[in-house]
$ cat protein_13.txt   # compact mmCIF, C-alpha atoms and all ligand atoms
# COMPACT_ATOMS: atom_id res chain seq x y z
CA MET A 223 -10.89 43.42 64.35
CA LYS A 224 -10.30 47.08 63.61
CA HIS A 225 -13.12 49.60 63.80
CA ILE A 226 -12.40 52.25 61.19
CA LEU A 227 -14.30 55.50 60.78
CA ILE A 228 -14.02 57.06 57.33
CA THR A 229 -15.42 60.59 57.05
CA GLY A 230 -16.64 61.90 53.70
CA GLY A 231 -16.77 58.39 52.26
CA ALA A 232 -19.57 59.22 49.81
CA GLY A 233 -17.43 61.80 48.02
CA PHE A 234 -14.94 61.35 45.23
CA ILE A 235 -11.75 60.21 47.00
CA GLY A 236 -13.65 58.97 50.06
CA SER A 237 -15.65 56.44 48.02
CA HIS A 238 -12.42 54.97 46.61
CA VAL A 239 -10.95 54.79 50.11
CA VAL A 240 -14.09 53.05 51.42
CA ARG A 241 -13.85 50.53 48.57
CA GLN A 242 -10.15 49.97 49.24
CA PHE A 243 -10.76 49.13 52.90
CA VAL A 244 -14.09 47.27 52.65
CA ASN A 245 -12.76 44.97 49.92
CA ASN A 246 -9.25 44.39 51.25
CA TYR A 247 -9.97 44.07 54.96
CA PRO A 248 -13.08 41.92 55.39
CA ASP A 249 -12.26 41.50 59.10
CA ASN A 250 -12.36 45.24 59.70
CA LEU A 251 -15.57 47.16 60.29
CA ILE A 252 -15.74 50.27 58.10
CA VAL A 253 -18.17 53.00 59.14
CA ASN A 254 -18.66 55.87 56.71
CA ILE A 255 -20.08 59.16 58.04
CA ASP A 256 -21.15 61.63 55.38
CA ASN A 257 -23.85 64.28 55.40
CA LEU A 258 -24.32 63.96 51.63
CA THR A 259 -23.70 67.51 50.48
CA TYR A 260 -23.99 68.20 46.76
CA ALA A 261 -20.61 66.37 46.43
CA GLY A 262 -21.62 63.27 48.39
CA ASN A 263 -23.42 60.53 46.51
CA LEU A 264 -24.38 57.05 47.66
CA LEU A 265 -24.38 55.93 44.02
CA ASN A 266 -20.58 56.03 44.37
CA LEU A 267 -20.81 53.06 46.75
CA THR A 268 -23.41 50.72 45.28
CA ASP A 269 -20.84 47.95 44.83
CA VAL A 270 -19.97 47.85 48.54
CA GLU A 271 -23.15 48.99 50.28
CA LYS A 272 -24.34 45.46 51.08
CA LYS A 273 -21.03 44.13 52.38
CA SER A 274 -21.28 42.87 55.96
CA ASN A 275 -18.22 44.87 57.12
CA TYR A 276 -19.65 48.22 55.94
CA ARG A 277 -22.04 50.71 57.56
CA PHE A 278 -23.21 54.10 56.33
CA VAL A 279 -24.26 56.84 58.74
CA LYS A 280 -25.74 60.08 57.46
CA GLY A 281 -24.36 62.81 59.69
CA ASP A 282 -22.51 66.09 59.90
CA ILE A 283 -18.97 65.92 61.34
CA VAL A 284 -19.63 69.27 63.02
CA ASP A 285 -22.52 67.79 65.03
CA GLU A 286 -20.96 67.13 68.45
CA ASP A 287 -23.71 64.87 69.81
CA LYS A 288 -23.84 62.78 66.66
CA VAL A 289 -20.07 62.35 66.43
CA PHE A 290 -19.57 61.60 70.13
CA SER A 291 -22.41 59.04 70.18
CA LEU A 292 -21.01 57.36 67.06
CA PHE A 293 -17.62 57.07 68.74
CA GLU A 294 -19.30 55.61 71.86
CA GLN A 295 -21.26 53.12 69.75
CA TYR A 296 -18.42 51.80 67.60
CA ARG A 297 -15.32 52.49 69.78
CA PHE A 298 -13.23 53.34 66.69
CA ASP A 299 -9.51 52.69 66.87
CA THR A 300 -8.84 54.33 63.50
CA ILE A 301 -10.14 57.50 61.89
CA ILE A 302 -9.48 58.36 58.26
CA HIS A 303 -10.71 61.90 57.86
CA LEU A 304 -11.59 63.04 54.35
CA ALA A 305 -14.87 64.94 54.81
CA ALA A 306 -14.42 68.48 53.58
CA GLU A 307 -15.70 71.22 51.38
CA SER A 308 -13.17 70.72 48.61
CA HIS A 309 -13.75 73.08 45.68
CA VAL A 310 -11.68 76.29 45.46
CA ASP A 311 -14.26 78.18 43.37
CA ARG A 312 -17.02 77.47 45.90
CA SER A 313 -14.70 78.63 48.69
CA ILE A 314 -14.32 81.98 46.93
CA ALA A 315 -18.11 82.31 46.70
CA ASN A 316 -18.94 80.99 50.20
CA PRO A 317 -15.93 80.78 52.55
CA MET A 318 -17.91 80.20 55.75
CA ALA A 319 -19.01 76.69 54.72
CA PHE A 320 -15.31 75.84 54.49
CA VAL A 321 -14.56 77.14 57.97
CA HIS A 322 -17.54 75.20 59.27
CA THR A 323 -16.74 71.75 57.90
CA ASN A 324 -12.99 71.86 57.37
CA VAL A 325 -12.02 73.60 60.59
CA LEU A 326 -14.82 73.02 63.11
CA GLY A 327 -15.56 69.52 61.80
CA THR A 328 -11.93 68.48 62.14
CA VAL A 329 -11.65 69.87 65.67
CA ASN A 330 -14.88 68.09 66.64
CA LEU A 331 -13.43 64.76 65.42
CA LEU A 332 -10.15 65.38 67.23
CA ASN A 333 -12.05 66.06 70.45
CA ALA A 334 -14.16 62.93 70.05
CA ALA A 335 -11.08 60.75 69.44
CA ARG A 336 -9.32 62.22 72.46
CA HIS A 337 -12.37 61.72 74.62
CA ILE A 338 -13.05 58.11 73.61
CA TRP A 339 -9.40 57.00 73.68
CA ASN A 340 -8.92 58.62 77.06
CA GLN A 341 -5.09 58.56 76.89
CA ASP A 342 -5.00 54.89 75.81
CA TYR A 343 -3.37 55.40 72.43
CA HIS A 344 -2.20 51.83 71.87
CA ASP A 345 -3.04 50.76 68.28
CA LYS A 346 -4.97 53.99 67.67
CA LYS A 347 -4.58 56.32 64.69
CA PHE A 348 -6.13 59.59 63.57
CA TYR A 349 -5.26 59.98 59.90
CA HIS A 350 -5.99 63.40 58.39
CA ILE A 351 -6.17 63.73 54.60
CA SER A 352 -4.98 67.08 53.31
CA THR A 353 -3.88 68.82 50.17
CA ASP A 354 -0.76 70.25 48.54
CA GLU A 355 -2.59 73.59 48.25
CA VAL A 356 -1.62 74.41 51.85
CA TYR A 357 1.92 75.05 50.59
CA GLY A 358 0.81 77.90 48.35
CA SER A 359 1.90 78.46 44.77
CA LEU A 360 5.18 77.53 43.07
CA GLY A 361 6.99 79.50 40.36
CA GLU A 362 8.46 77.79 37.31
CA ASP A 363 10.78 75.59 39.41
CA GLY A 364 10.82 73.67 42.66
CA LEU A 365 8.63 71.10 44.37
CA PHE A 366 6.63 71.02 47.58
CA THR A 367 8.34 68.90 50.24
CA GLU A 368 7.03 68.03 53.70
CA GLU A 369 9.19 70.92 55.00
CA THR A 370 7.80 73.60 52.68
CA PRO A 371 6.32 76.36 54.86
CA TYR A 372 2.55 76.76 54.71
CA ASP A 373 1.31 79.63 52.54
CA PRO A 374 -2.39 78.99 51.74
CA ARG A 375 -3.93 81.55 49.42
CA SER A 376 -7.59 80.59 48.89
CA PRO A 377 -10.32 80.23 51.52
CA TYR A 378 -10.28 76.49 50.76
CA SER A 379 -6.54 76.06 51.27
CA ALA A 380 -6.58 78.35 54.32
CA SER A 381 -9.27 76.16 55.91
CA LYS A 382 -7.31 72.98 55.09
CA ALA A 383 -4.09 74.51 56.45
CA SER A 384 -5.95 75.45 59.60
CA SER A 385 -7.25 71.90 60.00
CA ASP A 386 -3.71 70.52 59.52
CA HIS A 387 -2.46 72.83 62.28
CA PHE A 388 -5.21 71.65 64.63
CA VAL A 389 -4.35 68.01 63.95
CA ARG A 390 -0.68 68.65 64.77
CA ALA A 391 -1.68 70.64 67.86
CA TRP A 392 -3.60 67.61 69.20
CA TYR A 393 -0.48 65.50 68.62
CA HIS A 394 1.88 67.88 70.42
CA THR A 395 -0.50 68.94 73.18
CA TYR A 396 -2.44 65.77 73.96
CA GLY A 397 -0.25 63.08 72.40
CA LEU A 398 -3.02 62.04 70.00
CA PRO A 399 -1.50 59.55 67.49
CA VAL A 400 -1.95 61.45 64.25
CA ILE A 401 -0.67 61.00 60.70
CA LEU A 402 -1.18 63.45 57.84
CA SER A 403 -0.81 63.31 54.09
CA ASN A 404 -0.92 66.13 51.57
CA CYS A 405 -1.82 65.07 48.06
CA SER A 406 -1.79 66.70 44.64
CA ASN A 407 -4.76 66.93 42.23
CA ASN A 408 -6.72 63.70 41.93
CA TYR A 409 -8.71 62.59 38.90
CA GLY A 410 -10.70 59.48 38.08
CA PRO A 411 -14.18 57.95 38.28
CA ASN A 412 -16.82 59.47 40.59
CA GLN A 413 -15.38 63.00 40.66
CA PHE A 414 -18.10 65.64 40.79
CA PRO A 415 -18.19 67.57 37.49
CA GLU A 416 -17.27 70.94 38.97
CA LYS A 417 -13.54 70.08 38.93
CA LEU A 418 -11.57 70.52 35.74
CA ILE A 419 -11.42 67.03 34.21
CA PRO A 420 -15.00 65.77 34.78
CA LEU A 421 -16.46 69.22 34.02
CA PHE A 422 -14.69 69.27 30.67
CA ILE A 423 -15.62 65.65 29.88
CA ASN A 424 -19.28 66.46 30.56
CA ASN A 425 -19.15 69.65 28.50
CA ILE A 426 -17.50 67.90 25.57
CA ILE A 427 -20.20 65.21 25.64
CA HIS A 428 -22.84 67.97 25.44
CA ASN A 429 -20.92 70.19 22.99
CA LYS A 430 -20.75 72.99 25.55
CA PRO A 431 -17.93 75.58 25.84
CA LEU A 432 -14.83 74.54 27.82
CA PRO A 433 -14.21 77.46 30.20
CA VAL A 434 -10.42 77.83 30.56
CA TYR A 435 -9.48 80.25 33.34
CA GLY A 436 -7.02 82.97 32.29
CA LYS A 437 -4.61 81.74 29.64
CA GLY A 438 -4.68 78.09 30.73
CA GLU A 439 -1.05 78.29 31.84
CA ASN A 440 -1.50 77.10 35.42
CA VAL A 441 0.16 73.81 36.24
CA ARG A 442 -1.21 70.93 38.31
CA ASP A 443 0.33 67.57 39.27
CA TRP A 444 -2.27 64.85 38.54
CA LEU A 445 -2.69 61.54 40.36
CA TYR A 446 -5.17 58.76 39.60
CA VAL A 447 -7.57 58.48 42.54
CA VAL A 448 -7.08 54.73 43.07
CA ASP A 449 -3.36 55.36 43.53
CA HIS A 450 -4.24 57.90 46.22
CA ALA A 451 -6.50 55.37 47.96
CA MET A 452 -3.69 52.79 47.91
CA ALA A 453 -1.23 55.34 49.27
CA ILE A 454 -3.64 56.11 52.12
CA ASP A 455 -3.89 52.41 52.94
CA LEU A 456 -0.09 52.08 52.99
CA ILE A 457 0.44 55.19 55.11
CA LEU A 458 -2.16 54.00 57.60
CA ARG A 459 -0.44 50.63 57.98
CA LYS A 460 3.23 51.61 57.71
CA GLY A 461 3.47 55.38 58.23
CA ARG A 462 5.03 56.79 61.37
CA ILE A 463 2.91 58.56 63.98
CA GLY A 464 3.31 62.34 63.99
CA GLU A 465 4.63 62.34 60.42
CA THR A 466 3.42 64.00 57.24
CA TYR A 467 3.65 62.35 53.81
CA ASN A 468 3.40 64.20 50.51
CA ILE A 469 1.64 62.20 47.78
CA GLY A 470 1.91 63.14 44.12
CA GLY A 471 1.99 61.78 40.62
CA HIS A 472 5.24 63.27 39.25
CA ASN A 473 2.86 64.28 36.53
CA GLU A 474 2.77 68.00 35.90
CA TRP A 475 0.52 69.40 33.20
CA LYS A 476 -0.20 72.92 32.06
CA ASN A 477 -4.02 73.16 32.01
CA LEU A 478 -4.19 73.92 28.31
CA ASP A 479 -1.94 71.00 27.36
CA LEU A 480 -4.01 68.63 29.46
CA ILE A 481 -7.25 69.95 27.96
CA ARG A 482 -5.91 69.40 24.44
CA VAL A 483 -5.03 65.79 25.25
CA LEU A 484 -8.48 65.28 26.75
CA CYS A 485 -10.11 66.78 23.66
CA LYS A 486 -8.21 64.35 21.41
CA ILE A 487 -9.25 61.34 23.51
CA MET A 488 -12.87 62.48 23.54
CA ASP A 489 -12.96 63.04 19.76
CA LYS A 490 -11.78 59.47 19.26
CA LYS A 491 -14.13 57.91 21.81
CA LEU A 492 -17.12 59.88 20.57
CA ASP A 493 -16.26 59.19 16.96
CA ARG A 494 -16.03 62.88 16.14
CA ALA A 495 -13.69 64.47 13.59
CA ALA A 496 -10.24 65.35 14.95
CA GLY A 497 -10.23 68.91 16.32
CA THR A 498 -13.98 69.02 17.09
CA SER A 499 -13.66 69.24 20.88
CA GLU A 500 -10.77 71.73 20.83
CA LYS A 501 -13.06 74.21 19.10
CA LEU A 502 -15.09 74.32 22.33
CA ILE A 503 -12.17 75.89 24.27
CA THR A 504 -13.25 79.30 25.55
CA TYR A 505 -11.03 81.59 27.61
CA VAL A 506 -12.88 83.07 30.58
CA LYS A 507 -12.05 85.40 33.47
CA ASP A 508 -9.30 83.98 35.67
CA ARG A 509 -9.99 82.51 39.11
CA ALA A 510 -9.31 85.09 41.84
CA GLY A 511 -5.91 84.44 43.43
CA HIS A 512 -5.33 81.55 41.01
CA ASP A 513 -2.27 79.57 42.20
CA LEU A 514 0.18 79.23 39.32
CA ARG A 515 1.74 75.86 39.93
CA TYR A 516 1.57 72.88 42.29
CA ALA A 517 4.07 70.02 42.16
CA ILE A 518 4.85 67.42 44.79
CA ASP A 519 8.15 65.90 45.80
CA ALA A 520 6.93 62.40 46.78
CA SER A 521 10.39 61.00 47.56
CA LYS A 522 9.55 60.37 51.21
CA MET A 523 6.72 58.07 50.08
CA LEU A 524 9.12 56.18 47.84
CA ASP A 525 12.11 56.05 50.18
CA GLU A 526 10.21 55.23 53.36
CA LEU A 527 7.19 53.27 52.15
CA GLY A 528 8.17 52.12 48.66
CA TRP A 529 5.12 53.81 47.13
CA LYS A 530 4.86 55.17 43.64
CA PRO A 531 1.88 55.64 41.32
CA SER A 532 0.84 52.44 39.55
CA VAL A 533 -1.19 53.99 36.75
CA THR A 534 0.30 56.18 33.99
CA PHE A 535 -1.52 59.38 33.12
CA GLU A 536 -2.45 58.01 29.68
CA GLU A 537 -4.01 54.88 31.24
CA GLY A 538 -5.69 56.87 33.99
CA LEU A 539 -7.22 59.43 31.67
CA ASP A 540 -8.42 56.69 29.34
CA LYS A 541 -10.08 54.79 32.20
CA THR A 542 -11.60 58.03 33.49
CA VAL A 543 -13.14 59.02 30.17
CA ASP A 544 -14.49 55.49 29.72
CA TRP A 545 -16.05 55.59 33.18
CA TYR A 546 -17.91 58.84 32.47
CA LEU A 547 -19.08 57.60 29.07
CA GLU A 548 -20.31 54.34 30.60
CA ASN A 549 -22.00 56.03 33.56
CA GLU A 550 -24.32 58.47 31.87
CA ASP A 551 -27.01 57.95 34.54
CA TRP A 552 -24.59 59.00 37.27
CA LEU A 553 -23.57 62.06 35.27
CA ASN A 554 -27.17 63.01 34.52
CA GLN A 555 -28.17 62.55 38.15
CA VAL A 556 -25.42 64.83 39.53
CA THR A 557 -25.82 67.50 36.86
CA SER A 558 -29.54 68.02 37.31
CA GLY A 559 -31.16 70.45 39.76
CA ASP A 560 -28.74 72.45 41.91
CA TYR A 561 -25.84 71.85 39.54
CA GLN A 562 -27.54 73.99 36.90
CA THR A 563 -27.87 76.86 39.38
CA TYR A 564 -24.21 76.51 40.38
CA TYR A 565 -23.14 76.41 36.73
CA GLN A 566 -25.14 79.52 35.89
CA GLN A 567 -23.62 81.43 38.81
CA GLN A 568 -20.06 80.31 38.09
CA TYR A 569 -20.00 80.47 34.31
CA GLY A 570 -23.05 82.57 33.47
CA SER A 571 -24.52 80.21 30.86
P1 LIG B 1 -15.51 65.77 47.65
O1 LIG B 1 -16.00 67.18 47.70
O2 LIG B 1 -15.73 64.97 46.42
O3 LIG B 1 -16.15 64.92 48.86
C1 LIG B 1 -16.29 65.44 50.14
C2 LIG B 1 -17.25 64.54 50.91
O4 LIG B 1 -17.37 65.06 52.24
C3 LIG B 1 -18.67 64.52 50.32
O5 LIG B 1 -19.16 63.20 50.29
C4 LIG B 1 -19.48 65.37 51.27
O6 LIG B 1 -20.84 65.00 51.35
C5 LIG B 1 -18.74 65.11 52.59
N1 LIG B 1 -18.94 66.20 53.56
C6 LIG B 1 -18.78 67.54 53.32
N2 LIG B 1 -19.08 68.23 54.44
C7 LIG B 1 -19.40 67.32 55.40
C8 LIG B 1 -19.80 67.41 56.75
N3 LIG B 1 -19.91 68.61 57.36
N4 LIG B 1 -20.05 66.27 57.42
C9 LIG B 1 -19.96 65.05 56.82
N5 LIG B 1 -19.59 64.90 55.53
C10 LIG B 1 -19.32 66.02 54.83
O7 LIG B 1 -13.97 65.86 48.03
P2 LIG B 1 -12.74 64.99 47.53
O8 LIG B 1 -12.21 65.60 46.30
O9 LIG B 1 -13.10 63.58 47.54
O10 LIG B 1 -11.69 65.29 48.71
C11 LIG B 1 -11.68 64.49 49.88
C12 LIG B 1 -10.58 64.98 50.79
O11 LIG B 1 -9.32 64.92 50.12
C13 LIG B 1 -10.75 66.44 51.23
O12 LIG B 1 -10.34 66.53 52.56
C14 LIG B 1 -9.81 67.19 50.30
O13 LIG B 1 -9.35 68.38 50.93
C15 LIG B 1 -8.70 66.20 50.12
N6 LIG B 1 -7.95 66.30 48.86
C16 LIG B 1 -8.60 66.33 47.67
C17 LIG B 1 -7.85 66.36 46.48
C18 LIG B 1 -8.52 66.37 45.12
O14 LIG B 1 -7.82 66.54 44.11
N7 LIG B 1 -9.82 66.18 45.02
C19 LIG B 1 -6.46 66.38 46.54
C20 LIG B 1 -5.84 66.37 47.79
C21 LIG B 1 -6.59 66.31 48.94
O1 LIG B 2 -4.07 70.25 44.53
C1 LIG B 2 -5.04 69.52 45.21
C2 LIG B 2 -6.38 70.20 45.05
O2 LIG B 2 -6.77 69.99 43.70
C3 LIG B 2 -7.44 69.66 46.00
O3 LIG B 2 -7.06 69.97 47.32
C4 LIG B 2 -8.80 70.28 45.70
O4 LIG B 2 -9.79 69.69 46.53
C5 LIG B 2 -9.13 70.02 44.26
O5 LIG B 2 -10.35 70.66 43.93
C6 LIG B 2 -8.02 70.52 43.33
O6 LIG B 2 -7.95 71.96 43.30
P1 LIG B 2 -7.75 72.78 41.95
O7 LIG B 2 -8.28 74.14 42.15
O8 LIG B 2 -6.38 72.63 41.42
O9 LIG B 2 -8.71 71.90 40.98
P2 LIG B 2 -9.79 72.32 39.86
O10 LIG B 2 -10.18 71.06 39.17
O11 LIG B 2 -10.85 73.20 40.38
O12 LIG B 2 -8.90 73.17 38.83
C7 LIG B 2 -7.76 72.63 38.20
C8 LIG B 2 -7.16 73.71 37.32
O13 LIG B 2 -8.06 73.99 36.23
C9 LIG B 2 -6.96 75.03 38.04
O14 LIG B 2 -5.77 75.66 37.56
C10 LIG B 2 -8.17 75.86 37.63
C11 LIG B 2 -8.47 75.36 36.22
N1 LIG B 2 -9.90 75.40 35.82
C12 LIG B 2 -10.81 74.78 36.63
C13 LIG B 2 -12.14 74.80 36.33
C14 LIG B 2 -13.17 74.15 37.22
C15 LIG B 2 -10.28 76.00 34.64
O15 LIG B 2 -9.43 76.53 33.87
N2 LIG B 2 -11.61 76.03 34.33
C16 LIG B 2 -12.57 75.47 35.12
O16 LIG B 2 -13.77 75.54 34.77
$ encode --input "protein_13.txt" --output "structure tokens"
Amino acid sequence: MKHILITGGAGFIGSHVVRQFVNNYPDNLIVNIDNLTYAGNLLNLTDVEKKSNYRFVKGDIVDEDKVFSLFEQYRFDTIIHLAAESHVDRSIANPMAFVHTNVLGTVNLLNAARHIWNQDYHDKKFYHISTDEVYGSLGEDGLFTEETPYDPRSPYSASKASSDHFVRAWYHTYGLPVILSNCSNNYGPNQFPEKLIPLFINNIIHNKPLPVYGKGENVRDWLYVVDHAMAIDLILRKGRIGETYNIGGHNEWKNLDLIRVLCKIMDKKLDRAAGTSEKLITYVKDRAGHDLRYAIDASKMLDELGWKPSVTFEEGLDKTVDWYLENEDWLNQVTSGDYQTYYQQQYGS
């Protein structure tokens, strides 16, 4: 029986990873530690919360006593580390929170794993989930490979790059059995509506302006979140210790093109005249240091592990929109209170 710690399991990707493991490995014990920041939400896990192989622990990954005692209690053999501050715009407004969780939290977990495993690394794994943003920004051509030098440019990506370096340092210095993956932009159900796709879905529902940064020419490579969760499962089981795997959708979209497709889907689903949602597009001040383009070369995932995305972008976007339209209570719950203050500060209306 494996004892798996998932950090940040109440967040967007984390909740899909929890579901993937709780449902597919009934013999494994899955413990989810999350301190339920604005981005963490136990409503994301209602379908698995009563399963006998699942436990939730409210706690901060930076809290040394809490983390060490949890490791003592459950004797984890596997850590899947997702907990993070994850939004670039918030990192521009408040970088220290990113240093706190993403850097100190990661080092605290590494220390706890090293302490509890005490050099016995047989069947142990520390799997760190990272982002393609650590590689910086691409021009018109090229793809990020696992060998692309790090060049983080936002406080968020700098904190993630730092955490990646610490994870590799624990591998080289202490022999800790680590694996890393760096993924492109995820989308899908349960994503907090501060990121592009859910924010725009929510604004279209409420006939609010769609704030496009700059000219909308930045490019992102989109992957359906369930495909990311399945890739994580595969890497954990079949990936090689000490290795890094880039995960991506081979699915590059200029922001404005993606937004136009989303507007068309929403017009249809909401039974509105064609072109209604596009009229909400509003160009606003660009994000500071806005990376132009991200795109992942995921050939190592295909060649070594046989992984490729299972969901097309059309299917994924359709499922995503349906999920938000069918989960109005979730959307209303996360957009009340503090969200309004955040929105006012970020967009001024
Ligand atoms: P998210 O913001 O939706 O969720 C983060 C979760 O971590 C939340 O549940 C939050 O409560 C929890 N958390 C934050 N600080 C914590 C702390 N100090 N202690 C315990 N829990 C804490 O993020 P996400 O989009 O699901 O991203 C998850 C991971 O995947 C992050 O490490 C992120 O860098 C990485 N990633 C995200 C994407 C993406 O497109 N969203 C792409 C590649 C990699
Ligand atoms: O590439 C992986 C990364 O993708 C993850 O590591 C991050 O956690 C995740 O947040 C995401 O970062 P981005 O900055 O690319 O995602 P975001 O949804 O914030 O923005 C996507 C694009 O849309 C980006 O070019 C900025 C633009 N944008 C975003 C918002 C919120 C707008 O034009 N307007 C907006 O209001």
$ axis_aligned_box --input "protein_13.txt" --around "ligand LIG 1 (chain B)" --padding-each-side "3 Å" --output "JSON"
{"center_x": -13.3, "center_y": 65.9, "center_z": 50.8, "size_x": 21.0, "size_y": 11.4, "size_z": 19.3}
$ residues_near_ligand --input "protein_13.txt" --ligand "ligand LIG 1 (chain B)" --cutoff "8 Å" --atoms "all atoms listed in the file" --output "PyMOL selection string"
chain A and resi 229-237+255-263+280-284+303-309+322-324+327+350-355+382+404-409+413-414
$ residues_near_ligand --input "protein_13.txt" --ligand "ligand LIG 2 (chain B)" --cutoff "8 Å" --atoms "only C-alpha atoms and all ligand atoms" --output "PyMOL selection string"
chain A and resi 307-311+352-355+379+405-408+416-419+421-422+432-436+438-443+477+508-509+512-516+569
$ closest_atom_pairs --input "protein_13.txt" --of "segment 269-292 of chain A" --to "segment 248-251 of chain A" --cutoff "9 Å" --atoms "all atoms listed in the file" --output "CSV"
residue,atom,partner,partner_atom,distance
A:Lys273,CA,A:Pro248,CA,8.8
A:Ser274,CA,A:Pro248,CA,8.3
A:Asn275,CA,A:Leu251,CA,4.7
A:Tyr276,CA,A:Leu251,CA,6.1
A:Arg277,CA,A:Leu251,CA,7.9
$ closest_residue --input "protein_13.txt" --among "A:Asp519, A:Glu500, A:Glu294, A:Glu550" --to "Lys430 of chain A" --atoms "all atoms listed in the file"
A:Glu500
$ atom_distance --input "protein_13.txt" --atom1 "atom CA of Ser571 of chain A" --atom2 "atom CA of Pro431 of chain A"
9.5 Å
$ closest_atom_pairs --input "protein_13.txt" --of "segment 448-506 of chain A" --to "segment 534-540 of chain A" --cutoff "12 Å" --atoms "all atoms listed in the file" --output "JSON lines"
{"residue": "A:Val448", "atom": "CA", "partner": "A:Gly538", "partner_atom": "CA", "distance": 9.4}
{"residue": "A:Asp449", "atom": "CA", "partner": "A:Gly538", "partner_atom": "CA", "distance": 9.9}
{"residue": "A:Gly471", "atom": "CA", "partner": "A:Phe535", "partner_atom": "CA", "distance": 8.6}
{"residue": "A:His472", "atom": "CA", "partner": "A:Phe535", "partner_atom": "CA", "distance": 9.9}
{"residue": "A:Asn473", "atom": "CA", "partner": "A:Phe535", "partner_atom": "CA", "distance": 7.4}
{"residue": "A:Glu474", "atom": "CA", "partner": "A:Phe535", "partner_atom": "CA", "distance": 10.0}
{"residue": "A:Trp475", "atom": "CA", "partner": "A:Phe535", "partner_atom": "CA", "distance": 10.2}
{"residue": "A:Leu480", "atom": "CA", "partner": "A:Leu539", "partner_atom": "CA", "distance": 10.0}
{"residue": "A:Ile481", "atom": "CA", "partner": "A:Leu539", "partner_atom": "CA", "distance": 11.2}
{"residue": "A:Val483", "atom": "CA", "partner": "A:Leu539", "partner_atom": "CA", "distance": 9.3}
{"residue": "A:Leu484", "atom": "CA", "partner": "A:Leu539", "partner_atom": "CA", "distance": 7.7}
{"residue": "A:Cys485", "atom": "CA", "partner": "A:Leu539", "partner_atom": "CA", "distance": 11.2}
{"residue": "A:Lys486", "atom": "CA", "partner": "A:Asp540", "partner_atom": "CA", "distance": 11.0}
{"residue": "A:Ile487", "atom": "CA", "partner": "A:Asp540", "partner_atom": "CA", "distance": 7.5}
{"residue": "A:Met488", "atom": "CA", "partner": "A:Asp540", "partner_atom": "CA", "distance": 9.3}
{"residue": "A:Lys490", "atom": "CA", "partner": "A:Asp540", "partner_atom": "CA", "distance": 11.0}
{"residue": "A:Lys491", "atom": "CA", "partner": "A:Asp540", "partner_atom": "CA", "distance": 9.5}
$ closest_residue --input "protein_13.txt" --among "A:Asn549, A:Asn468, A:Thr370, A:Asn246" --to "His450 of chain A" --atoms "all atoms listed in the file"
A:Asn468
$ residues_around --input "protein_13.txt" --residues "His344 of chain A" --least-positions-apart "6" --cutoff "12 Å" --atoms "all atoms listed in the file" --output "list in words"
Asp299, Thr300, Gly397, Leu398, Pro399 and Ile463 of chain A
$ atom_distance --input "protein_13.txt" --atom1 "atom CA of Tyr378 of chain A" --atom2 "atom CA of Leu326 of chain A"
13.6 Å
$ atom_distance --input "protein_13.txt" --atom1 "atom CA of Asn330 of chain A" --atom2 "atom CA of Pro317 of chain A"
19.0 Å
$ closest_residue --input "protein_13.txt" --among "A:Ile226, A:Tyr247, A:Asn266, A:Lys272" --to "Ala335 of chain A" --atoms "only C-alpha atoms"
A:Ile226
$ closest_residue --input "protein_13.txt" --among "A:Pro415, A:Asp345, A:Lys288, A:Leu331" --to "Gln555 of chain A" --atoms "all atoms listed in the file"
A:Pro415
$ build_atoms --input "protein_13.txt" --residues "segment 491-497 of chain A" --atoms "N, CA, C and O atoms" --output "CSV table (one decimal), in the frame of the given file"
chain,number,residue,atom,x,y,z
A,491,LYS,N,-13.1,58.8,21.2
A,491,LYS,CA,-14.1,57.9,21.8
A,491,LYS,C,-15.5,58.2,21.3
A,491,LYS,O,-16.4,57.4,21.3
A,492,LEU,N,-15.8,59.5,21.0
A,492,LEU,CA,-17.1,59.9,20.6
A,492,LEU,C,-17.3,59.8,19.1
A,492,LEU,O,-18.3,60.2,18.5
A,493,ASP,N,-16.2,59.3,18.4
A,493,ASP,CA,-16.3,59.2,17.0
A,493,ASP,C,-16.5,60.5,16.3
A,493,ASP,O,-17.3,60.6,15.3
A,494,ARG,N,-15.9,61.6,16.8
A,494,ARG,CA,-16.0,62.9,16.1
A,494,ARG,C,-14.8,63.2,15.4
A,494,ARG,O,-13.7,62.7,15.7
A,495,ALA,N,-14.9,64.1,14.4
A,495,ALA,CA,-13.7,64.5,13.6
A,495,ALA,C,-12.6,65.1,14.5
A,495,ALA,O,-12.9,65.8,15.4
A,496,ALA,N,-11.4,64.8,14.2
A,496,ALA,CA,-10.2,65.4,15.0
A,496,ALA,C,-10.4,66.9,15.0
A,496,ALA,O,-10.7,67.5,14.0
A,497,GLY,N,-10.2,67.4,16.2
A,497,GLY,CA,-10.2,68.9,16.3
A,497,GLY,C,-11.6,69.4,16.7
A,497,GLY,O,-11.8,70.6,17.1
